[in-house]
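*Asks:* Contents are compact mmCIF, C-alpha atoms and all ligand atoms; file name input-v2.txt:
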```txt
# COMPACT_ATOMS: atom_id res chain seq x y z
CA MET B 1 0.00 0.00 0.00
CA ILE B 2 1.16 3.53 -0.79
CA GLU B 3 -0.46 6.40 1.09
CA VAL B 4 0.04 10.01 0.04
CA GLU B 5 -1.45 12.49 2.49
CA GLY B 6 -1.55 16.26 1.97
CA LEU B 7 1.76 16.20 0.14
CA CYS B 8 3.22 19.60 -0.86
CA LYS B 9 6.45 20.59 -2.57
CA ARG B 10 7.41 24.00 -3.95
CA TYR B 11 10.34 24.93 -6.14
CA GLY B 12 10.52 28.73 -5.86
CA ALA B 13 7.28 30.09 -7.30
CA VAL B 14 6.23 26.68 -8.68
CA ALA B 15 3.94 24.46 -6.60
CA ALA B 16 5.20 21.17 -8.06
CA VAL B 17 2.94 19.15 -5.73
CA ASP B 18 0.02 20.91 -4.08
CA ASP B 19 -1.87 19.23 -1.23
CA LEU B 20 -1.97 15.86 -2.96
CA SER B 21 -3.65 12.85 -1.34
CA PHE B 22 -4.32 9.41 -2.80
CA THR B 23 -3.66 5.75 -2.07
CA ALA B 24 -2.38 2.92 -4.22
CA PRO B 25 -3.69 -0.38 -2.79
CA PRO B 26 -2.04 -3.79 -3.13
CA GLY B 27 -3.09 -6.27 -5.79
CA VAL B 28 -3.91 -3.73 -8.48
CA VAL B 29 -2.07 -1.53 -10.96
CA THR B 30 -2.60 2.16 -10.21
CA GLY B 31 -1.88 4.50 -13.11
CA PHE B 32 -0.48 7.90 -12.09
CA LEU B 33 -1.30 10.27 -14.91
CA GLY B 34 -0.73 13.89 -15.74
CA PRO B 35 0.70 16.11 -18.46
CA ASN B 36 4.39 17.10 -18.49
CA GLY B 37 5.28 19.06 -15.37
CA ALA B 38 2.18 17.94 -13.42
CA GLY B 39 4.29 16.79 -10.46
CA LYS B 40 4.35 13.00 -10.97
CA SER B 41 8.13 12.58 -10.73
CA THR B 42 8.33 14.94 -7.76
CA THR B 43 5.65 12.92 -5.95
CA MET B 44 7.48 9.66 -6.68
CA ARG B 45 10.78 11.16 -5.53
CA MET B 46 9.14 12.09 -2.23
CA MET B 47 7.77 8.53 -1.88
CA LEU B 48 11.32 7.26 -2.28
CA GLY B 49 12.96 9.67 0.15
CA LEU B 50 14.78 11.54 -2.64
CA ALA B 51 13.03 14.85 -2.02
CA ALA B 52 11.71 16.21 1.26
CA PRO B 53 8.05 17.30 1.36
CA ASP B 54 7.29 20.85 2.52
CA ALA B 55 4.14 19.43 4.10
CA GLY B 56 2.27 16.14 4.25
CA ARG B 57 3.75 12.67 3.95
CA ALA B 58 4.12 9.70 1.66
CA LEU B 59 4.09 6.26 3.27
CA VAL B 60 5.22 3.04 1.61
CA GLY B 61 4.04 -0.07 3.44
CA GLY B 62 2.93 2.16 6.32
CA ARG B 63 6.33 3.82 6.82
CA ARG B 64 8.43 6.62 5.40
CA TYR B 65 10.94 5.28 2.89
CA ARG B 66 13.88 6.51 4.96
CA GLU B 67 12.69 4.41 7.90
CA LEU B 68 12.81 1.17 5.91
CA GLU B 69 15.57 -1.34 6.51
CA ARG B 70 16.99 -2.77 3.28
CA PRO B 71 14.57 -0.67 1.25
CA LEU B 72 15.16 -2.46 -2.10
CA ARG B 73 13.59 -5.55 -0.54
CA GLN B 74 10.41 -3.63 0.21
CA VAL B 75 10.10 -0.99 -2.50
CA GLY B 76 11.37 -1.35 -6.06
CA ALA B 77 11.66 1.83 -8.11
CA LEU B 78 12.37 2.92 -11.64
CA LEU B 79 13.11 6.62 -12.00
CA GLU B 80 13.96 8.52 -15.14
CA THR B 81 17.19 9.81 -13.63
CA ALA B 82 18.65 6.47 -12.57
CA ALA B 83 21.42 5.62 -15.05
CA PRO B 84 23.82 2.73 -14.53
CA HIS B 85 27.53 3.09 -15.31
CA ARG B 86 27.93 2.72 -19.10
CA GLY B 87 31.15 0.73 -18.86
CA ARG B 88 29.60 -1.98 -16.68
CA SER B 89 27.63 -4.94 -17.93
CA GLY B 90 23.96 -5.13 -16.92
CA ASP B 91 24.78 -8.23 -14.93
CA ALA B 92 27.63 -6.49 -13.03
CA HIS B 93 25.40 -3.49 -12.31
CA LEU B 94 22.73 -5.74 -10.79
CA ARG B 95 25.24 -7.80 -8.82
CA TRP B 96 26.65 -4.60 -7.34
CA LEU B 97 23.13 -3.48 -6.37
CA ALA B 98 22.30 -6.92 -4.95
CA ARG B 99 25.44 -6.97 -2.78
CA SER B 100 24.64 -3.53 -1.38
CA GLN B 101 21.28 -4.82 -0.16
CA GLY B 102 22.22 -8.33 0.98
CA ILE B 103 20.38 -9.95 -1.94
CA GLY B 104 21.68 -13.31 -3.20
CA VAL B 105 23.37 -13.31 -6.62
CA ARG B 106 20.96 -16.01 -7.86
CA ARG B 107 18.24 -13.37 -7.94
CA VAL B 108 20.27 -11.39 -10.53
CA ARG B 109 19.88 -14.23 -13.05
CA GLU B 110 16.17 -14.46 -12.30
CA VAL B 111 15.44 -10.79 -12.90
CA LEU B 112 17.58 -10.67 -16.05
CA GLU B 113 15.48 -13.53 -17.42
CA LEU B 114 12.27 -11.90 -16.25
CA VAL B 115 13.01 -8.74 -18.27
CA GLY B 116 14.35 -10.55 -21.33
CA LEU B 117 18.02 -9.64 -20.85
CA ALA B 118 19.38 -13.12 -20.06
CA GLU B 119 21.87 -12.92 -22.96
CA ALA B 120 22.40 -9.17 -23.15
CA GLY B 121 23.15 -9.00 -19.42
CA ARG B 122 26.77 -9.83 -20.13
CA ARG B 123 27.22 -6.86 -22.49
CA ARG B 124 28.20 -3.32 -21.52
CA VAL B 125 25.31 -1.00 -20.71
CA GLY B 126 26.87 1.64 -23.00
CA GLY B 127 25.85 -0.50 -25.99
CA TYR B 128 22.24 -0.99 -24.89
CA SER B 129 19.29 0.49 -26.76
CA GLN B 130 16.97 2.77 -24.82
CA GLY B 131 14.49 -0.10 -24.47
CA MET B 132 17.19 -2.42 -23.10
CA ARG B 133 18.22 0.23 -20.56
CA GLN B 134 14.59 0.52 -19.53
CA ARG B 135 14.40 -3.27 -19.08
CA LEU B 136 17.57 -3.17 -16.98
CA GLY B 137 15.99 -0.47 -14.82
CA LEU B 138 12.95 -2.72 -14.34
CA ALA B 139 15.24 -5.62 -13.41
CA ALA B 140 16.87 -3.42 -10.77
CA ALA B 141 13.45 -2.41 -9.44
CA LEU B 142 12.45 -6.07 -9.05
CA LEU B 143 15.76 -7.30 -7.65
CA GLY B 144 14.66 -7.30 -4.03
CA ASP B 145 11.33 -9.04 -4.82
CA PRO B 146 9.54 -5.98 -3.38
CA ALA B 147 5.90 -5.85 -2.31
CA ILE B 148 5.67 -2.29 -3.65
CA VAL B 149 6.76 -1.18 -7.11
CA VAL B 150 7.02 2.49 -8.15
CA LEU B 151 7.74 3.04 -11.85
CA ASP B 152 8.17 6.45 -13.49
CA GLU B 153 7.25 6.27 -17.18
CA PRO B 154 8.31 2.61 -17.59
CA ALA B 155 7.05 2.44 -21.20
CA ASN B 156 9.55 5.11 -22.33
CA GLY B 157 11.87 3.75 -24.99
CA LEU B 158 10.01 0.45 -25.38
CA ASP B 159 8.83 -0.64 -28.82
CA PRO B 160 5.27 -2.00 -29.32
CA GLU B 161 6.34 -5.53 -28.48
CA GLY B 162 8.12 -4.23 -25.37
CA ILE B 163 5.05 -2.27 -24.33
CA ARG B 164 2.91 -5.39 -24.63
CA TRP B 165 5.46 -7.31 -22.59
CA LEU B 166 5.47 -4.55 -19.94
CA ARG B 167 1.68 -4.71 -19.68
CA GLY B 168 1.86 -8.44 -18.89
CA LEU B 169 4.66 -7.89 -16.40
CA LEU B 170 2.71 -5.21 -14.50
CA ARG B 171 -0.47 -7.27 -14.46
CA GLY B 172 1.52 -10.25 -13.19
CA LEU B 173 3.10 -8.21 -10.39
CA ALA B 174 -0.33 -6.98 -9.28
CA SER B 175 -1.86 -10.46 -9.44
CA GLU B 176 0.86 -11.60 -7.03
CA GLY B 177 -0.61 -9.09 -4.56
CA ARG B 178 1.97 -6.34 -5.01
CA THR B 179 1.25 -2.63 -5.00
CA VAL B 180 2.08 -1.29 -8.47
CA LEU B 181 2.17 2.47 -9.16
CA VAL B 182 3.02 3.47 -12.73
CA SER B 183 3.29 7.02 -14.02
CA SER B 184 2.60 8.09 -17.58
CA HIS B 185 1.56 11.11 -19.58
CA LEU B 186 -0.23 8.86 -22.09
CA ILE B 187 -3.69 7.93 -20.86
CA GLY B 188 -4.43 5.50 -23.69
CA GLU B 189 -1.50 3.28 -22.82
CA VAL B 190 -1.88 3.30 -19.06
CA ALA B 191 -5.65 2.79 -19.20
CA ARG B 192 -5.04 -0.56 -20.92
CA THR B 193 -3.02 -1.76 -17.95
CA ALA B 194 -4.19 0.08 -14.86
CA ASP B 195 -7.19 -0.91 -12.71
CA ARG B 196 -7.29 2.58 -11.18
CA LEU B 197 -6.27 5.99 -12.45
CA VAL B 198 -5.01 8.85 -10.32
CA VAL B 199 -4.83 12.00 -12.45
CA VAL B 200 -2.88 15.13 -11.49
CA ALA B 201 -2.51 18.56 -13.09
CA ARG B 202 -0.35 21.43 -11.78
CA GLY B 203 0.45 19.39 -8.68
CA ARG B 204 -3.20 18.84 -7.71
CA LEU B 205 -5.44 15.78 -7.80
CA VAL B 206 -8.07 16.07 -10.54
CA ALA B 207 -9.41 12.50 -10.65
CA ASP B 208 -9.08 9.27 -8.68
CA ALA B 209 -11.29 6.43 -9.90
CA GLU B 210 -11.51 2.93 -11.28
CA THR B 211 -10.40 2.86 -14.91
CA SER B 212 -13.84 1.49 -15.89
CA GLU B 213 -15.42 4.71 -14.58
CA PHE B 214 -13.68 6.70 -17.31
CA THR B 215 -16.15 6.45 -20.13
CA GLY B 216 -16.12 7.99 -23.58
CA ASP B 217 -12.96 9.12 -25.33
CA LEU B 218 -10.11 8.74 -22.83
CA GLU B 219 -7.95 11.36 -24.48
CA ASP B 220 -10.72 13.97 -24.44
CA GLU B 221 -11.43 13.13 -20.81
CA PHE B 222 -7.77 13.45 -19.88
CA LEU B 223 -7.44 16.82 -21.64
CA ARG B 224 -10.64 18.08 -20.04
CA LEU B 225 -9.47 17.04 -16.56
CA THR B 226 -5.99 18.46 -16.92
CA GLY B 227 -7.06 21.72 -18.53
CA GLY B 228 -5.58 20.96 -21.93
CA MET B 229 -8.85 21.45 -23.87
CA ARG B 230 -10.72 24.75 -23.74
N1 LIG B 301 14.62 20.08 -8.79
C1 LIG B 301 13.75 20.97 -9.28
N2 LIG B 301 14.01 22.30 -9.27
C2 LIG B 301 13.12 23.19 -9.74
N3 LIG B 301 11.92 22.88 -10.27
C3 LIG B 301 11.60 21.58 -10.31
C4 LIG B 301 12.48 20.56 -9.84
N4 LIG B 301 11.88 19.36 -10.00
C5 LIG B 301 10.67 19.61 -10.58
N5 LIG B 301 10.51 20.94 -10.77
C6 LIG B 301 9.30 21.58 -11.34
O1 LIG B 301 8.18 21.04 -10.68
C7 LIG B 301 7.10 20.81 -11.61
C8 LIG B 301 6.71 19.36 -11.59
O2 LIG B 301 7.73 18.58 -12.22
P1 LIG B 301 7.72 16.98 -12.30
O3 LIG B 301 9.00 16.57 -12.96
O4 LIG B 301 7.42 16.42 -10.97
O5 LIG B 301 6.49 16.72 -13.26
P2 LIG B 301 6.09 15.40 -14.06
O6 LIG B 301 4.61 15.28 -13.91
O7 LIG B 301 6.91 14.26 -13.60
O8 LIG B 301 6.42 15.78 -15.56
P3 LIG B 301 7.05 14.90 -16.77
O9 LIG B 301 5.94 14.08 -17.32
O10 LIG B 301 7.49 15.97 -17.71
O11 LIG B 301 8.20 14.11 -16.20
C9 LIG B 301 7.59 21.33 -12.95
O12 LIG B 301 7.16 22.65 -13.11
C10 LIG B 301 9.10 21.26 -12.81
O13 LIG B 301 9.72 22.21 -13.63
```
Would you mind writing the file's structure down as structure tokens?

*Replies:*
Amino acid sequence: MIEVEGLCKRYGAVAAVDDLSFTAPPGVVTGFLGPNGAGKSTTMRMMLGLAAPDAGRALVGGRRYRELERPLRQVGALLETAAPHRGRSGDAHLRWLARSQGIGVRRVREVLELVGLAEAGRRRVGGYSQGMRQRLGLAAALLGDPAIVVLDEPANGLDPEGIRWLRGLLRGLASEGRTVLVSSHLIGEVARTADRLVVVARGRLVADAETSEFTGDLEDEFLRLTGGMR
């Protein structure tokens, strides 16, 4: 479970996140939607202890991220900024991460296979395509077999086959009872995967509902909610 309560974050004159509250329950995929600059990444960074809220709190599994012991075992995250060393192989990168969190090296093989990098894992990350780097980021997120998964724009860089694969992966994670929160600025894509949609615009919550409650043209609805259509 992820609980966001009255979360606020300002950068100078910009209210990046403005009194935001929502929950992401276990066992379902929650889509976190909003146009560019709506505050999705900032919210996720606060969930992961990478930015300090000005007010409010974000709890992962009932606690603040910074209070978690061996956090990779409880919360797996994919952020846009996380970039592994280009000279390392994917396998070496994951082994280094696993060691830092007391995770057995056998799990590295498992996650590389899970994301379709069993062969490519031995190659240097510098030679990876954008989609392969995204898959490696997903492998890192899943390394600790976490109950909570926070993914910022995971479909970025994936081709249509990769996007279909990602959909299955996310659904599988949710069906295992995990909490899955996935951000996107593309409602059409995320609505195909997510059971619930949390929509933000200018840092504020504008919708929080089951995906099935969004009727009609999803794109029109998204633009209406986020102020993109006048
Ligand atoms: N470190 C920072 N310093 C200054 N302003 C920031 C910083 N991080 C975010 N912002 C601003 O806060 C607002 C929200 O940004 P954020 O990256 O959270 O949005 P987003 O919904 O993730 O957008 P995108 O889909 O483009 O990634 C934007 O106006 C952004 O410019």

*Asks:* How would you write, as a ChimeraX atom specification, the set of residues no farther than 10 Å from ligand LIG 301 (chain B) when counting all atoms listed in the file?

*Replies:* /B:9-17,32-46,51,79-80,152-153,183-186,200-203

*Asks:* From the set B:Gly6, B:Gly62, B:Gly126, B:Pro26, which residue has the shortest atom-to-atom contact distance to Ala147 in chain B, counting only C-alpha atoms?

*Replies:*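 Selected residue with least distance to Ala147 in chain B: B:Pro26.
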
*Asks:* For a quick check of understanding, using only C-alpha atoms, which of B:Pro84, B:Gly144, B:Gly127, B:Gly31 has the smallest distance to Leu181 in chain B?

*Replies:*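 Residue with the minimum atom-to-atom distance to Leu181 in chain B: B:Gly31.
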
*Asks:* Record the distance separating CA of Gly116 in chain B and CA of Thr30 in chain B, expressed in Å with one decimal.

*Replies:* 23.9 Å

*Asks:* What does the distance from CA of Phe214 in chain B to CA of Phe22 in chain B come to in Å, to one decimal?

*Replies:* 17.5 Å

*Asks:* For Ser100 in chain B, which of B:Met47, B:Leu143, B:Ala194, B:Leu59 is the closest residue, counting all atoms listed in the file?

*Replies:* B:Leu143

*Asks:* My list of candidates is B:Pro154, B:Gly121, B:Pro160, B:Gly102. Which is closest to Val190 in chain B when distances are computed with only C-alpha atoms?

*Replies:*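 Going through B:Pro154, B:Gly121, B:Pro160, B:Gly102 one by one, the smallest distance to Val190 in chain B is for B:Pro154.
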
*Asks:* Mind listing whatever residues come within 8 Å of the point (20.7, -10.2, -16.8)? Use only C-alpha atoms, file coordinates, and give them as a CSV table (one decimal) with C-alpha atoms, in the frame of the given file.

*Replies:*
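Written file, point-v8.csv:
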```csv
chain,number,residue,atom,x,y,z
B,90,GLY,CA,24.0,-5.1,-16.9
B,91,ASP,CA,24.8,-8.2,-14.9
B,94,LEU,CA,22.7,-5.7,-10.8
B,108,VAL,CA,20.3,-11.4,-10.5
B,109,ARG,CA,19.9,-14.2,-13.0
B,110,GLU,CA,16.2,-14.5,-12.3
B,111,VAL,CA,15.4,-10.8,-12.9
B,112,LEU,CA,17.6,-10.7,-16.0
B,113,GLU,CA,15.5,-13.5,-17.4
B,115,VAL,CA,13.0,-8.7,-18.3
B,116,GLY,CA,14.4,-10.6,-21.3
B,117,LEU,CA,18.0,-9.6,-20.8
B,118,ALA,CA,19.4,-13.1,-20.1
B,119,GLU,CA,21.9,-12.9,-23.0
B,120,ALA,CA,22.4,-9.2,-23.2
B,121,GLY,CA,23.2,-9.0,-19.4
B,122,ARG,CA,26.8,-9.8,-20.1
B,136,LEU,CA,17.6,-3.2,-17.0
B,139,ALA,CA,15.2,-5.6,-13.4
```

*Asks:* Quote the spacing between CA of Met1 in chain B and CA of Arg66 in chain B in Å to one decimal place.

*Replies:* 16.1 Å

*Asks:* Compare B:Ile103, B:Ile148, B:Val60, B:Leu7 by their minimum atom-to-atom distance to Arg178 in chain B, counting all atoms listed in the file, and give me the closest one.

*Replies:*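 Using all atoms listed in the file, Arg178 in chain B sits closest to B:Ile148.
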
*Asks:* Which one of B:Leu197, B:Ala24, B:Ala141, B:Ile163 sits closest to Glu3 in chain B if you count all atoms listed in the file?

*Replies:*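 Smallest distance to Glu3 in chain B is found for B:Ala24.
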
*Asks:* Near Arg86 in chain B, within 12 Å and counting all atoms listed in the file, which residues show up once chain neighbours fewer than 3 positions away are dropped, as a PDB file with C-alpha atoms, keeping the file's coordinate frame?

*Replies:*
```
ATOM      1  CA  ALA B  82      18.650   6.470 -12.570  1.00  0.00           C
ATOM      2  CA  ALA B  83      21.420   5.620 -15.050  1.00  0.00           C
ATOM      3  CA  SER B  89      27.630  -4.940 -17.930  1.00  0.00           C
ATOM      4  CA  GLY B  90      23.960  -5.130 -16.920  1.00  0.00           C
ATOM      5  CA  ALA B  92      27.630  -6.490 -13.030  1.00  0.00           C
ATOM      6  CA  HIS B  93      25.400  -3.490 -12.310  1.00  0.00           C
ATOM      7  CA  ARG B 123      27.220  -6.860 -22.490  1.00  0.00           C
ATOM      8  CA  ARG B 124      28.200  -3.320 -21.520  1.00  0.00           C
ATOM      9  CA  VAL B 125      25.310  -1.000 -20.710  1.00  0.00           C
ATOM     10  CA  GLY B 126      26.870   1.640 -23.000  1.00  0.00           C
ATOM     11  CA  GLY B 127      25.850  -0.500 -25.990  1.00  0.00           C
ATOM     12  CA  TYR B 128      22.240  -0.990 -24.890  1.00  0.00           C
ATOM     13  CA  SER B 129      19.290   0.490 -26.760  1.00  0.00           C
ATOM     14  CA  ARG B 133      18.220   0.230 -20.560  1.00  0.00           C
TER      15      ARG B 133
END
```

*Asks:* Please, what is the axis-aligned box for every listed atom of range 125-143 of chain B with 8 Å on each side, as centre and edge lengths in Å to one decimal, as JSON?

*Replies:*
```
{"center_x": 19.7, "center_y": -2.3, "center_z": -17.2, "size_x": 30.4, "size_y": 26.1, "size_z": 35.1}
```

*Asks:* Place a sphere of radius 9 Å on (-5.6, 5.8, -23.1) in the file coordinates and name every protein, DNA or RNA residue with an atom inside or on its surface, counting all atoms listed in the file; give the answer as a PyMOL selection string.

*Replies:* chain B and resi 186-192+217-219+222

*Asks:* Please rebuild range 83-115 of chain B with N, CA and C atoms and give the result as a PDB file, keeping the file's coordinate frame.

*Replies:*
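The resulting file, result_9.pdb, is shown below:
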```pdb
ATOM      1  N   ALA B  83      20.667   6.108 -13.890  1.00  0.00           N
ATOM      2  CA  ALA B  83      21.420   5.620 -15.050  1.00  0.00           C
ATOM      3  C   ALA B  83      22.613   4.812 -14.573  1.00  0.00           C
ATOM      4  N   PRO B  84      22.674   3.537 -14.949  1.00  0.00           N
ATOM      5  CA  PRO B  84      23.820   2.730 -14.530  1.00  0.00           C
ATOM      6  C   PRO B  84      25.093   3.145 -15.278  1.00  0.00           C
ATOM      7  N   HIS B  85      26.230   2.815 -14.707  1.00  0.00           N
ATOM      8  CA  HIS B  85      27.530   3.090 -15.310  1.00  0.00           C
ATOM      9  C   HIS B  85      27.600   2.435 -16.697  1.00  0.00           C
ATOM     10  N   ARG B  86      27.960   3.226 -17.723  1.00  0.00           N
ATOM     11  CA  ARG B  86      27.930   2.720 -19.100  1.00  0.00           C
ATOM     12  C   ARG B  86      28.976   1.636 -19.372  1.00  0.00           C
ATOM     13  N   GLY B  87      30.066   1.684 -18.616  1.00  0.00           N
ATOM     14  CA  GLY B  87      31.150   0.730 -18.860  1.00  0.00           C
ATOM     15  C   GLY B  87      30.901  -0.634 -18.233  1.00  0.00           C
ATOM     16  N   ARG B  88      29.926  -0.712 -17.345  1.00  0.00           N
ATOM     17  CA  ARG B  88      29.600  -1.980 -16.680  1.00  0.00           C
ATOM     18  C   ARG B  88      28.636  -2.798 -17.496  1.00  0.00           C
ATOM     19  N   SER B  89      28.671  -4.110 -17.309  1.00  0.00           N
ATOM     20  CA  SER B  89      27.630  -4.940 -17.930  1.00  0.00           C
ATOM     21  C   SER B  89      26.367  -4.825 -17.064  1.00  0.00           C
ATOM     22  N   GLY B  90      25.219  -5.152 -17.662  1.00  0.00           N
ATOM     23  CA  GLY B  90      23.960  -5.130 -16.920  1.00  0.00           C
ATOM     24  C   GLY B  90      24.040  -6.066 -15.725  1.00  0.00           C
ATOM     25  N   ASP B  91      24.630  -7.220 -15.965  1.00  0.00           N
ATOM     26  CA  ASP B  91      24.780  -8.230 -14.930  1.00  0.00           C
ATOM     27  C   ASP B  91      25.623  -7.692 -13.763  1.00  0.00           C
ATOM     28  N   ALA B  92      26.750  -7.022 -14.081  1.00  0.00           N
ATOM     29  CA  ALA B  92      27.630  -6.490 -13.030  1.00  0.00           C
ATOM     30  C   ALA B  92      26.909  -5.390 -12.245  1.00  0.00           C
ATOM     31  N   HIS B  93      26.163  -4.565 -12.969  1.00  0.00           N
ATOM     32  CA  HIS B  93      25.400  -3.490 -12.310  1.00  0.00           C
ATOM     33  C   HIS B  93      24.430  -4.091 -11.282  1.00  0.00           C
ATOM     34  N   LEU B  94      23.713  -5.136 -11.684  1.00  0.00           N
ATOM     35  CA  LEU B  94      22.730  -5.740 -10.790  1.00  0.00           C
ATOM     36  C   LEU B  94      23.402  -6.475  -9.627  1.00  0.00           C
ATOM     37  N   ARG B  95      24.547  -7.095  -9.909  1.00  0.00           N
ATOM     38  CA  ARG B  95      25.240  -7.800  -8.820  1.00  0.00           C
ATOM     39  C   ARG B  95      25.726  -6.811  -7.768  1.00  0.00           C
ATOM     40  N   TRP B  96      26.192  -5.651  -8.270  1.00  0.00           N
ATOM     41  CA  TRP B  96      26.650  -4.600  -7.340  1.00  0.00           C
ATOM     42  C   TRP B  96      25.470  -4.119  -6.476  1.00  0.00           C
ATOM     43  N   LEU B  97      24.324  -3.908  -7.118  1.00  0.00           N
ATOM     44  CA  LEU B  97      23.130  -3.480  -6.370  1.00  0.00           C
ATOM     45  C   LEU B  97      22.705  -4.549  -5.362  1.00  0.00           C
ATOM     46  N   ALA B  98      22.728  -5.812  -5.806  1.00  0.00           N
ATOM     47  CA  ALA B  98      22.300  -6.920  -4.950  1.00  0.00           C
ATOM     48  C   ALA B  98      23.193  -7.000  -3.706  1.00  0.00           C
ATOM     49  N   ARG B  99      24.505  -6.893  -3.933  1.00  0.00           N
ATOM     50  CA  ARG B  99      25.440  -6.970  -2.780  1.00  0.00           C
ATOM     51  C   ARG B  99      25.148  -5.878  -1.774  1.00  0.00           C
ATOM     52  N   SER B 100      24.853  -4.670  -2.285  1.00  0.00           N
ATOM     53  CA  SER B 100      24.640  -3.530  -1.380  1.00  0.00           C
ATOM     54  C   SER B 100      23.411  -3.730  -0.501  1.00  0.00           C
ATOM     55  N   GLN B 101      22.525  -4.633  -0.907  1.00  0.00           N
ATOM     56  CA  GLN B 101      21.280  -4.820  -0.160  1.00  0.00           C
ATOM     57  C   GLN B 101      21.155  -6.228   0.430  1.00  0.00           C
ATOM     58  N   GLY B 102      22.254  -6.974   0.409  1.00  0.00           N
ATOM     59  CA  GLY B 102      22.220  -8.330   0.980  1.00  0.00           C
ATOM     60  C   GLY B 102      21.304  -9.274   0.218  1.00  0.00           C
ATOM     61  N   ILE B 103      21.235  -9.080  -1.110  1.00  0.00           N
ATOM     62  CA  ILE B 103      20.380  -9.950  -1.940  1.00  0.00           C
ATOM     63  C   ILE B 103      21.283 -10.971  -2.632  1.00  0.00           C
ATOM     64  N   GLY B 104      20.861 -12.233  -2.627  1.00  0.00           N
ATOM     65  CA  GLY B 104      21.680 -13.310  -3.200  1.00  0.00           C
ATOM     66  C   GLY B 104      21.867 -13.124  -4.701  1.00  0.00           C
ATOM     67  N   VAL B 105      23.022 -13.533  -5.211  1.00  0.00           N
ATOM     68  CA  VAL B 105      23.370 -13.310  -6.620  1.00  0.00           C
ATOM     69  C   VAL B 105      22.457 -14.142  -7.551  1.00  0.00           C
ATOM     70  N   ARG B 106      21.848 -15.186  -7.028  1.00  0.00           N
ATOM     71  CA  ARG B 106      20.960 -16.010  -7.860  1.00  0.00           C
ATOM     72  C   ARG B 106      19.778 -15.183  -8.381  1.00  0.00           C
ATOM     73  N   ARG B 107      19.359 -14.231  -7.567  1.00  0.00           N
ATOM     74  CA  ARG B 107      18.240 -13.370  -7.940  1.00  0.00           C
ATOM     75  C   ARG B 107      18.575 -12.509  -9.183  1.00  0.00           C
ATOM     76  N   VAL B 108      19.858 -12.195  -9.371  1.00  0.00           N
ATOM     77  CA  VAL B 108      20.270 -11.390 -10.530  1.00  0.00           C
ATOM     78  C   VAL B 108      19.915 -12.119 -11.825  1.00  0.00           C
ATOM     79  N   ARG B 109      20.239 -13.408 -11.884  1.00  0.00           N
ATOM     80  CA  ARG B 109      19.880 -14.230 -13.050  1.00  0.00           C
ATOM     81  C   ARG B 109      18.360 -14.212 -13.276  1.00  0.00           C
ATOM     82  N   GLU B 110      17.633 -14.402 -12.195  1.00  0.00           N
ATOM     83  CA  GLU B 110      16.170 -14.460 -12.300  1.00  0.00           C
ATOM     84  C   GLU B 110      15.590 -13.188 -12.905  1.00  0.00           C
ATOM     85  N   VAL B 111      16.050 -12.031 -12.387  1.00  0.00           N
ATOM     86  CA  VAL B 111      15.440 -10.790 -12.900  1.00  0.00           C
ATOM     87  C   VAL B 111      15.898 -10.496 -14.321  1.00  0.00           C
ATOM     88  N   LEU B 112      17.135 -10.879 -14.667  1.00  0.00           N
ATOM     89  CA  LEU B 112      17.580 -10.670 -16.050  1.00  0.00           C
ATOM     90  C   LEU B 112      16.702 -11.485 -16.996  1.00  0.00           C
ATOM     91  N   GLU B 113      16.363 -12.695 -16.594  1.00  0.00           N
ATOM     92  CA  GLU B 113      15.480 -13.530 -17.420  1.00  0.00           C
ATOM     93  C   GLU B 113      14.079 -12.947 -17.473  1.00  0.00           C
ATOM     94  N   LEU B 114      13.619 -12.473 -16.341  1.00  0.00           N
ATOM     95  CA  LEU B 114      12.270 -11.900 -16.250  1.00  0.00           C
ATOM     96  C   LEU B 114      12.094 -10.728 -17.220  1.00  0.00           C
ATOM     97  N   VAL B 115      13.136  -9.927 -17.402  1.00  0.00           N
ATOM     98  CA  VAL B 115      13.010  -8.740 -18.270  1.00  0.00           C
ATOM     99  C   VAL B 115      13.544  -8.993 -19.689  1.00  0.00           C
TER     100      VAL B 115
END
```
